[in-house]
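**Q** This is the structure I have questions about; it appears just below.
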Amino acid sequence: MSQVQQVTVLGATGSIGLSTLDVIARHPSRYQAFALSAFTRMAELEALCISHRPRFAVVADGSAARDLQARLLHAGLATRVLFGEAGLCEVAAHAEVDAVMAAIVGAAGLKPTLAAVEAGKKVLLANKEALVMSGALFMRAVRESGAVLLPIDSEHNAIFQCLPQDYARGLQPVGVRRILLTASGGPFREFAGDALHAVTPEQACAHPNWSMGRKISVDSASMMNKGLELIEACWLFDARPQQVEVLIHPQSVIHSLVDYVDGSVLAQLGNPDMRTPIAHALAWPQRIDSGVAALDLLAVARLDFQAPDDVRFPCLRLARDAAESGGSAPAMLNAANEVAVAAFLERRIRFTDIARIIGGVLEAEPAVAVNCLDAVLEADRRARELAGQWLNRGEVA
Ligand code: NAD
Ligand code: MG
């Protein structure tokens with residue numbers, strides 16, 4: 001490749017952001033960090049700016065921006081510091097940007113990710129919540145702008161690698177029977193139902209195979225991560241919820257599989273390290289070194305599979321129901337989950353209350369059609385309000 005690709009990294013200080021910068025730093029002749037964003041951890045962002053020398057940095061507000069700008073000037077950098085959602089959208093859609101890593105966690109990433117999509121960028125999607133919330137609108141924007149959407153979620157990246165290039169014709173026309181979405185089962189896979197009441201945020205965040213941000217770690221422990229991924233898979237691959245089956249695979253070596261009508265099942269395997277899907281998407285359709293060690297199957301020795309348990313982990317069923325209801329249901333599921341997970345991390349509720357709050361919110365408000373961004377944002381706002389009411393009434397404490 002002759003020209004250096006300019007990459008905006010939204011959520012640069014997070015787990016995915018740092019892995020992305022690790023891959024970028026291995027290929028200075030191919031990729032250059034164009035913009036880096038962070039919401040907190042200003043010292044880390046400053047250090048990343050000094051090592052990657054981006055054109056822009058984006059922070060939460062004006063005062064943080066002035067502070068960081070002064071420090072970067074002092075360090076002799078020409079990096080310009082922007083702030084807020086407008087700053088994020090500006091660096092996501094900037095004319096000189098080739099690729100955008102969407103790695104902000106949660107609904108906060110929706111508008112910047114959509115800005116990248118609408119500008120027709122190569123969009124590397126880690127921020128699954130953005131797609132879950134706005135599915136139909138998001139995919140329509142991809143088609144209209146000609147953006148290239150590449151999944152970073154390891155399962156979806158695996159499925160993408162196992163599908164034929166023309167999968168956009170539809171799963172049935174390309175001979176796909178179903179998608180098998182693998183799940184590690186999280187840290188509580190073997191816990192009895194009763195024991196789940198007393199688990200702590202520290203236990204929930206200690207994932208056996210992956211090192212990730214706190215929100216997605218709790219989602220993995222509750223299986224809501226797989227629920228969000230089921231919805232994500234439906235949008236990315238134009239699948240019906242019934243075409244996506246969840247399979248517990250504790251080793252996290254098979255990242256997902258595609259089952260074809262002739263009986264062939266294709267899988268993508270690798271060590272559980274997000275630099276593999278990141279490098280795959282950055283270089284696609286080429287391949288580059290990611291820094292990930294070669295998979296040692298003799299050391300792995302065995303691959304196990306189990307069916308998911310909807311009784312101990314009701315979040316998966318809640319997500320499947322929301323996928324089937326469609327309309328505002330996935331946005332409400334996502335927002336109620338964000339509120340409940342934050343409350344669990346603050347020790348305001350028990351782990352098992354997460355599913356109760358989400359179920360309560362979805363029951364309280366039937367799904368309605370959403371045909372514009374405002375309707376998505378209204379569903380998000382309403383679910384946060386309802387989940388907040390549940391928290392304040394103390395019914396679930
Ligand atoms: P993280 O918590 O480590 O990082 C989140 C990043 O988003 C940080 O840079 C933070 O500053 C920024 N951020 C947080 N709140 C923000 C806000 N309100 N406005 C602007 N920026 C904000 O999270 P992560 O584990 O890197 O996950 C990021 C996304 O990638 C999530 O959507 C997650 O589901 C997805 N994902 C992560 C992994 C993983 O292995 N970590 C795997 C698959 C998908
Ligand atoms: Mg995943």
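Following the order of the structure tokens, first chain is A, next is B, and so on, with residues numbered from 1 inside each chain and ligands from 1 in the order they appear.
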Phe56 of chain A: which residues within 9 Å, counting only C-alpha atoms, same-chain residues fewer than 2 positions away excluded, as a list in words?
**A**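 Counting only C-alpha atoms, the residues come to Thr8, Phe34, Ala35, Leu36, Ser37, Cys49, Arg53, Pro54, Val58, Ala78, Thr79, Arg80, Val81, Leu82 and Val91 of chain A.
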**Q** Step by step, measure atom-to-atom distances between ligand 1 and each residue using only C-alpha atoms and all ligand atoms, keep those at most 8 Å, then write them as a ChimeraX atom specification.
**A** /A:10-18,37-41,59-60,84-85,88,102-109,125-130,152-154,210-217,225,273-274
**Q** Find the residue from A:Arg140, A:Lys111, A:His94, A:His249 that sits nearest to Glu155 of chain A; use only C-alpha atoms when measuring.
**A**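 That would be A:His249, the residue with the smallest distance to Glu155 of chain A.
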**Q** Just asking: which residues within segment 89-250 of chain A are strand (DSSP E) according to DSSP, as a ChimeraX atom specification?
**A** /A:99-102,122-125,148-151,176-183,244-248
**Q** So which residues touch Gln242 of chain A within 9 Å, counting only C-alpha atoms, skipping near sequence neighbours fewer than 3 positions away, as a ChimeraX atom specification?
**A** /A:178,239,245,320,324
**Q** Would you pick out the contacts of segment 187-201 of chain A at 7 Å or less, using only C-alpha atoms, so that residues sharing its chain but fewer than 5 positions from it are not included, and give the list as a PDB file with C-alpha atoms, in the first residue's frame?
**A**
```pdb
ATOM      1  CA  ALA A 206     -12.463 -11.176  36.360  1.00  0.00           C
ATOM      2  CA  HIS A 207     -13.146 -12.855  33.034  1.00  0.00           C
ATOM      3  CA  PRO A 208     -11.449 -16.243  32.597  1.00  0.00           C
ATOM      4  CA  ALA A 221     -20.898 -12.506  33.204  1.00  0.00           C
ATOM      5  CA  ARG A 312     -29.543 -18.903  35.532  1.00  0.00           C
ATOM      6  CA  PHE A 344     -24.313  -3.087  39.940  1.00  0.00           C
ATOM      7  CA  LEU A 345     -20.773  -1.715  39.523  1.00  0.00           C
ATOM      8  CA  ARG A 350     -27.318  -7.330  43.180  1.00  0.00           C
ATOM      9  CA  PHE A 351     -26.064  -9.096  40.075  1.00  0.00           C
ATOM     10  CA  THR A 352     -29.383 -10.934  39.651  1.00  0.00           C
TER      11      THR A 352
END
```
**Q** Atom CA of Asp353 of chain A and atom CA of Ala340 of chain A are how many Å apart?
**A**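 Between atom CA of Asp353 of chain A and atom CA of Ala340 of chain A the gap works out to 7.7 Å.
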**Q** Which of these, A:Arg30, A:His255, A:Arg356, A:His156, has the shortest distance to Leu318 of chain A once you count only C-alpha atoms?
**A** A:Arg356
**Q** What lies within 10 Å of Ser256 of chain A using only C-alpha atoms, ignoring chain neighbours under 4 positions off, as a PyMOL selection string?
**A** chain A and resi 154-162+179-183+246-247+249+252+266-269
**Q** Write out as number ranges by chain which residues come within 9 Å of Gly227 of chain A when counting only C-alpha atoms, dropping same-chain ones fewer than 5 positions away.
**A** A: 219, 232, 315-320, 323
**Q** Neighbouring residues of segment 299-303 of chain A were defined as those with any atom within 10 Å, considering only C-alpha atoms; residues of the same chain fewer than 6 positions away were excluded. Please report them as number ranges by chain.
**A** A: 249-254, 271
**Q** What parts of segment 231-376 of chain A does DSSP call helix (DSSP H, G or I)? I'd like the answer as a PyMOL selection string.
**A** chain A and resi 231-236+241-243+275-283+297-300+315-325+329-345+353-364+373-376
